[in-house]
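What follows is a short report on a single structure.
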Amino acid sequence: MQQLFYLSDLFGVLVFAISGALMAGRKSMDLFGVLVIAIITALGGGTLRDLILDNHPVSWIRNDTYILVASLAAIGTVLWVRLTRPIHERGLLLADAFGLAVFTVIGTEVALQHNMPYSTAVIMGVMTGVAGGVMRDVICNEIPLIFQKEIYATACIFGSLVFIGLRELATPHWLDTGVAMLSVLAVRLAAIHWHLGLPRFHLLDRD
Amino acid sequence: MQQLFYLSDLFGVLVFAISGALMAGRKSMDLFGVLVIAIITALGGGTLRDLILDNHPVSWIRNDTYILVASLAAIGTVLWVRLTRPIHERGLLLADAFGLAVFTVIGTEVALQHNMPYSTAVIMGVMTGVAGGVMRDVICNEIPLIFQKEIYATACIFGSLVFIGLRELATPHWLDTGVAMLSVLAVRLAAIHWHLGLPRFHLLDRD
Amino acid sequence: MQQLFYLSDLFGVLVFAISGALMAGRKSMDLFGVLVIAIITALGGGTLRDLILDNHPVSWIRNDTYILVASLAAIGTVLWVRLTRPIHERGLLLADAFGLAVFTVIGTEVALQHNMPYSTAVIMGVMTGVAGGVMRDVICNEIPLIFQKEIYATACIFGSLVFIGLRELATPHWLDTGVAMLSVLAVRLAAIHWHLGLPRFHLLDRD
């Protein structure tokens, strides 16, 4: 079970690294840029969470598998796109939703292990899930997608609350983890399928 | 007194969250984006300060009042703008100046409690006051306002120095806190009223 | 020797602060903005490294020489440009390459002192060398140069690996430090001279 969780985590890193590499490609970055953006997208959220929670050592600095997976994913993406033009958009979105689910649950769990109040645990779940993508967009000079497109972070909030609720009911660990991940997935896939979005807040520029 | 200081701190969070929500609105973000930008604007500066000073736990992670106030301020701003179009610009600037004053003094004090040299204490005062706004602008893809408009951070530097000076003179805590906050307010309001700015440094683009 | 290393470090701070001040000038920032961007460019990379490694206190918060050097460099740059128009581009690039060499070796060494795996040590070397410049570009609303122009970070990776290799061979400290710094310098200067760049990854915008 622990093993399965670790593999899911690495899968999340893989998927997020791909999304980072693709964004870097859209900005015509060089190979080093692709690598850095991929790593930041994949590990940025968890790193920020660990810094704020004072949870040292930060996950990837003692275990180089994380960096390795992110780097290989980045290089693989470049080769894949060079060799066989099209990216399977649908597949990528699905994989990304899965990565989001894993990261959200991990973030929430780490916060609970540090005896944080529930509100902080939810924030840490969301942060782990989305902060890497926000960093990717900020460095690439884009307004973060997740603040403008379909429901994304809301799926994290929901899954994080489900996880906390099940934890409170003391269900077995595989059950609360699994159900919480499925909750994130369900909300996210529904949002993609029906193009669900949150209401937006329009304000004219001052001048 | 301690109570008054805590309430001022929360008031600073409230005001900065409003300014974050307004910026998010100008970028047509969705409700989640508004919430995140509001929270980052309100708590980003203090969080960065705590990380650099190794001052754990970071203020808001154990006390959910901070997040609550920032979230309510964000939601309140959206409702307010939806229902009664205009924002009272003048009032907001005044409130923002007050928030700046509180955050500057808090930041300086935290650094002094960690026995930092005075130069670091001033930097921490300024950082607590302005870093949240800089993060807001960077995420929203704007060059930070405070580097270009009227005197803003200079008010923090001044107030921070006043606070340190009075501390050195061992005046009572309510007095050094109060006078330092008034110093920030005075400089900032004067800058707004007379449109005072620092000299700017123009350099033509290289190519 | 230790003394020489410390002076090199301060020289790196000086050079990076100048590059920050020049970028701030290109964005027509005011004097405070120039100061902040200079300080962030000079100290941002090392600060991020220290936070992630949990290496407290962060170098500059207990020793105000760093801030002083960065501030004086910023003010000096403004005065210099005001008084004698042209910046010696060639000289600046050379100085920047030297700063990069020093920061890379320092970052790698700090990581090794914390018993990090080699992959993390290389990342910390690169981070110390380039993250300040990335922060400068992100705050100034530019896509980071180092992801798009000639070989830059690759020089850090190379120098970092050389340093680790010599460390492994237990050569004297002055030798591994010196050779590693020269390696960074050599790669960087060659890249500037022959306009060497990494292959870039182009991807059309999705829509």
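Ligands are numbered from 1 in the order shown, residues from 1 within each chain, and chains are lettered A, B, ... in the order they appear in the structure tokens.
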- Among the residues of region 66-173 of chain B, find those DSSP assigns to alpha helix (DSSP H) from the backbone and print them as a ChimeraX atom specification. /B:66-83,89-113,118-139,153-168,173
- Message: Can you work out which residues from chain B touch chain A at a cut-off of 9 Å (counting only C-alpha atoms) and hand them back as number ranges by chain?
- Response: B: 22-34, 36, 47, 50-51, 54, 56-58, 60-64, 67-68, 78, 81-82, 138-141
Store the residues picked out above, limited to N, CA and C atoms, as a compact mmCIF listing (two decimals), in the first residue's frame.
# COMPACT_ATOMS: atom_id res chain seq x y z
N LEU B 22 -9.29 42.97 -5.57
CA LEU B 22 -9.56 43.96 -6.62
C LEU B 22 -8.65 43.73 -7.83
N MET B 23 -7.37 43.45 -7.56
CA MET B 23 -6.45 43.18 -8.66
C MET B 23 -6.89 41.93 -9.42
N ALA B 24 -7.30 40.89 -8.69
CA ALA B 24 -7.76 39.65 -9.34
C ALA B 24 -8.98 39.95 -10.22
N GLY B 25 -9.83 40.85 -9.73
CA GLY B 25 -11.00 41.23 -10.53
C GLY B 25 -10.59 41.93 -11.81
N ARG B 26 -9.55 42.77 -11.72
CA ARG B 26 -9.09 43.46 -12.92
C ARG B 26 -8.54 42.47 -13.95
N LYS B 27 -8.14 41.28 -13.48
CA LYS B 27 -7.64 40.25 -14.39
C LYS B 27 -8.72 39.23 -14.71
N SER B 28 -9.95 39.53 -14.35
CA SER B 28 -11.08 38.63 -14.63
C SER B 28 -10.86 37.21 -14.14
N MET B 29 -10.29 37.08 -12.96
CA MET B 29 -10.09 35.73 -12.42
C MET B 29 -11.40 35.16 -11.91
N ASP B 30 -11.41 33.84 -11.70
CA ASP B 30 -12.61 33.24 -11.12
C ASP B 30 -12.55 33.34 -9.60
N LEU B 31 -13.60 32.86 -8.94
CA LEU B 31 -13.69 33.05 -7.49
C LEU B 31 -12.50 32.45 -6.74
N PHE B 32 -12.04 31.29 -7.19
CA PHE B 32 -10.89 30.69 -6.53
C PHE B 32 -9.65 31.57 -6.69
N GLY B 33 -9.45 32.08 -7.88
CA GLY B 33 -8.32 32.97 -8.12
C GLY B 33 -8.38 34.20 -7.22
N VAL B 34 -9.57 34.76 -7.08
CA VAL B 34 -9.75 35.93 -6.22
C VAL B 34 -9.33 35.60 -4.79
N VAL B 36 -7.31 33.16 -3.73
CA VAL B 36 -5.87 32.88 -3.62
C VAL B 36 -5.07 34.18 -3.65
N THR B 47 4.75 35.60 5.58
CA THR B 47 5.21 34.22 5.41
C THR B 47 6.66 34.19 4.95
N ASP B 50 8.90 35.03 7.83
CA ASP B 50 9.05 33.93 8.78
C ASP B 50 9.96 32.83 8.24
N LEU B 51 9.85 32.55 6.95
CA LEU B 51 10.72 31.52 6.36
C LEU B 51 12.18 31.94 6.45
N ASP B 54 13.52 31.84 9.85
CA ASP B 54 13.32 30.53 10.47
C ASP B 54 12.41 30.68 11.70
N HIS B 56 9.30 29.68 13.06
CA HIS B 56 8.20 28.73 12.90
C HIS B 56 7.46 28.55 14.21
N PRO B 57 6.15 28.18 14.19
CA PRO B 57 5.34 28.05 12.99
C PRO B 57 4.99 29.40 12.37
N VAL B 58 4.94 29.44 11.06
CA VAL B 58 4.48 30.61 10.32
C VAL B 58 3.13 31.04 10.90
N TRP B 60 0.11 32.13 10.33
CA TRP B 60 -1.27 31.74 10.02
C TRP B 60 -1.53 30.24 10.03
N ILE B 61 -0.49 29.40 10.10
CA ILE B 61 -0.80 27.97 9.95
C ILE B 61 -1.39 27.36 11.21
N ARG B 62 -1.18 28.00 12.36
CA ARG B 62 -1.76 27.45 13.59
C ARG B 62 -3.01 28.21 14.03
N ASN B 63 -3.24 29.37 13.44
CA ASN B 63 -4.37 30.20 13.85
C ASN B 63 -5.18 30.54 12.61
N ASP B 64 -6.31 29.85 12.44
CA ASP B 64 -7.01 30.01 11.16
C ASP B 64 -7.79 31.31 11.04
N ILE B 67 -6.57 33.28 7.80
CA ILE B 67 -7.12 32.81 6.53
C ILE B 67 -8.59 33.19 6.43
N LEU B 68 -9.29 33.06 7.55
CA LEU B 68 -10.72 33.35 7.58
C LEU B 68 -10.97 34.82 7.23
N VAL B 78 -15.98 41.00 -3.61
CA VAL B 78 -16.71 40.61 -4.82
C VAL B 78 -18.18 41.01 -4.71
N VAL B 81 -18.63 44.89 -4.87
CA VAL B 81 -18.47 45.45 -6.21
C VAL B 81 -19.65 45.07 -7.10
N ARG B 82 -20.16 43.83 -6.92
CA ARG B 82 -21.31 43.39 -7.71
C ARG B 82 -22.55 44.21 -7.40
N VAL B 138 3.22 40.15 -9.35
CA VAL B 138 3.98 39.22 -10.19
C VAL B 138 3.05 38.12 -10.71
N ILE B 139 2.22 37.55 -9.84
CA ILE B 139 1.32 36.48 -10.28
C ILE B 139 0.31 37.03 -11.29
N CYS B 140 -0.10 38.28 -11.10
CA CYS B 140 -1.07 38.87 -12.03
C CYS B 140 -0.37 39.46 -13.26
N ASN B 141 0.93 39.17 -13.40
CA ASN B 141 1.65 39.55 -14.60
C ASN B 141 1.78 41.07 -14.78
Could you give me, as a short mmCIF file (atom, residue, chain, number, x, y, z; two decimals) with C-alpha atoms, in the first residue's frame, the residues within 12 Å of Leu4 (chain B), counting only C-alpha atoms and dropping anything in the same chain fewer than 2 positions from it?
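Contents of out_3.cif, freshly written:
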data_model
loop_
_atom_site.label_atom_id
_atom_site.label_comp_id
_atom_site.auth_asym_id
_atom_site.auth_seq_id
_atom_site.Cartn_x
_atom_site.Cartn_y
_atom_site.Cartn_z
CA MET B 1 -2.50 46.59 24.24
CA GLN B 2 -1.44 43.17 22.92
CA TYR B 6 -3.52 41.70 17.21
CA LEU B 7 -6.66 43.46 15.98
CA SER B 8 -4.54 45.90 13.97
CA ASP B 9 -2.75 42.95 12.42
CA LEU B 10 -6.06 41.40 11.39
CA PHE B 11 -7.15 44.76 10.02
CA VAL B 102 0.95 47.76 11.04
CA TRP B 174 2.79 51.32 23.12
CA THR B 177 4.73 51.07 18.22
CA GLY B 178 2.31 53.96 17.96
#
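With distances restricted to only C-alpha atoms, B:Val184 is the closest residue to Gly129 (chain B) from B:Ile164, B:Leu112, B:Ala73, B:Val184.
Distances from B:Ala42, B:Leu93, B:Gly132, B:Gly99 to His193 (chain B) were compared using only C-alpha atoms, and the smallest one belongs to B:Leu93.
CA of Leu161 (chain A) is positioned 23.8 Å from CA of Val15 (chain A).
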